[in-house]
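Novice: For reference, the structure I am asking about is given below.
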Amino acid sequence: MLFLSNDCKEYRLEGRLVGHKNTINCLAVSCNGNMLASGGSDGMRICDLKRRVQLPTPRQTPAIQNTADPVTCACWITRQEATRETLCYGTGLGFICIWQQQGQGLEDFNAKVSRRIGMGKEIMCLTYDHSGDNSRIASETRDRRVQVWTFDFKGLLIPIFSIELSTTVPRTVNFNRTAGRNLLVFGMYDGKIHTLRGSDSTVIATNKAGPMIGHAVVDAPQTLFLIDNVMNGFSLHRLEDGACIRTYNTNPVKTFPKQVVFGEQATLVVGGSDTGTIHIFDKNEGALKQVLQHADKG
């Protein structure tokens with residue numbers, strides 16, 4: 001865990017959390033900053049960040065308990081009026097699972113959904129959009145399929161549409177916050193960005209951000225996006241046409257996909273590496289501000 005010191009304006013280590021015994025594939029922090037979900041080859045863990053304790057996980061069906069099925073992606077589904085957190089995650093064998101807080105102290109989670117989707121291929125990404133009384137979840141799988149669902153928070157996952165892209169393997173998906181609730185799909189191997197109409201999945205626009213996209217994230221105003229370009233580091237692009245604005249060089253040793261995010265009200269670019277370090281750049285100037293040592297390698 002890292003936090004920003006008011007004295008020196010730099011991040012420093014605050015503490016270490018222990019829960020997994022093997023590779024961690026994804027991390028997701030709840031919108032209120034209280035919960036950390038971490039998924040890996042040994043399943044899903046939830047940690048209370050305020051108390052720094054691991055919370056009990058709900059009992060799963062035998063299929064979900066498969067030790068050979070790693071958790072590959074996760075997101076928190078947040079409603080402003082809700083007092084209970086809801087976690088959605090996907091696995092390598094194509095299971096989508098939804099857990100919801102329960103109990104008086106909200107320290108327990110109940111498994112609301114556990115189902116295999118599509119042809120059972122790896123779920124690459126999950127995201128959600130909440131508008132009014134309607135929440136949507138979008139999933140992307142390695143067999144080029146994008147699916148959108150309605151979730152009623154009572155346990156029902158109702159399909160809206162499913163589309164198989166012609167050549168693009170989706171890496172990241174993002175809802176466009178418009179009345180049409182269009183989807184932005186970022187392709188892993190072709191670097192393409194498809195805009196899918198939210199009502200019927202029709203591809204209404206396509207741009208290109210580079211030869212490959214290891215990971216992508218869109219800023220809050222939805223005018224810019226960051227990618228791991230899998231070549232020399234991270235790059236900042238315009239969303240309207242995919243044009244590159246700035247590159248943040250990390251001199252990667254291997255071309256593994258690396259997560260990258262905006263930080264501090266989108267003034268920073270924060271991303272991982274294959275050498276156990278975290279790079280923090282000034283978004284506008286492109287200057288490297290800090291390198292944090294996270295692990296000895298990887």
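Please note that chains go A, B, ... in the order of the structure tokens, that every chain numbers its residues from 1, and that ligands are numbered from 1 in the order shown.
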Tell me, as number ranges by chain, which residues lie within 10 Å of segment 175-177 of chain A, counting only C-alpha atoms; anything in the same chain fewer than 3 positions away does not count.
Specialist: A: 127-131, 136-138, 180-185, 195-198, 218, 220-222
Novice: Any idea what's packed within 9 Å of segment 145-152 of chain A, counting only C-alpha atoms, ignoring anything in its chain fewer than 4 positions away? Could you give it as a ChimeraX atom specification?
Specialist: /A:118,133-141,156-165,169-170,173,185,198,201
Novice: Check segment 169-216 of chain A with DSSP on the backbone and list each residue it calls strand (DSSP E), as a PyMOL selection string.
Specialist: chain A and resi 170-175+183-187+192-196+203-208+215-216
Novice: For Asp228 of chain A, which of A:Lys254, A:Val260, A:Asp200, A:Gly40 is the closest residue, counting only C-alpha atoms?
Specialist: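 Closest to Asp228 of chain A of all the choices is A:Val260.
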Novice: What does the distance between atom CA of Val203 of chain A and atom CA of Ala216 of chain A come to in Å, to one decimal place?
Specialist: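 Between these atoms lies a distance of 19.1 Å.
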Novice: Excluding Trp99 of chain A and residues on its chain fewer than 3 positions from it, collect all residues at most 6 Å away from it, counting only C-alpha atoms, and give them as a list in words.
Specialist: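 Skipping anything fewer than 3 positions along the chain leaves Thr86, Leu87, Phe109, Asn110, Ala111 and Lys112 of chain A.
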Novice: Would you output that residue set with C-alpha atoms, as a PDB file, in the first residue's frame?
Specialist:
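Once everything was written out, this is selection29.pdb:
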```
ATOM      1  CA  THR A  86     -20.947  -5.167  -4.965  1.00  0.00           C
ATOM      2  CA  LEU A  87     -17.971  -6.898  -6.579  1.00  0.00           C
ATOM      3  CA  PHE A 109     -20.142 -11.253   1.191  1.00  0.00           C
ATOM      4  CA  ASN A 110     -22.862 -13.310  -0.458  1.00  0.00           C
ATOM      5  CA  ALA A 111     -22.397 -14.906  -3.900  1.00  0.00           C
ATOM      6  CA  LYS A 112     -25.276 -13.492  -5.965  1.00  0.00           C
TER       7      LYS A 112
END
```
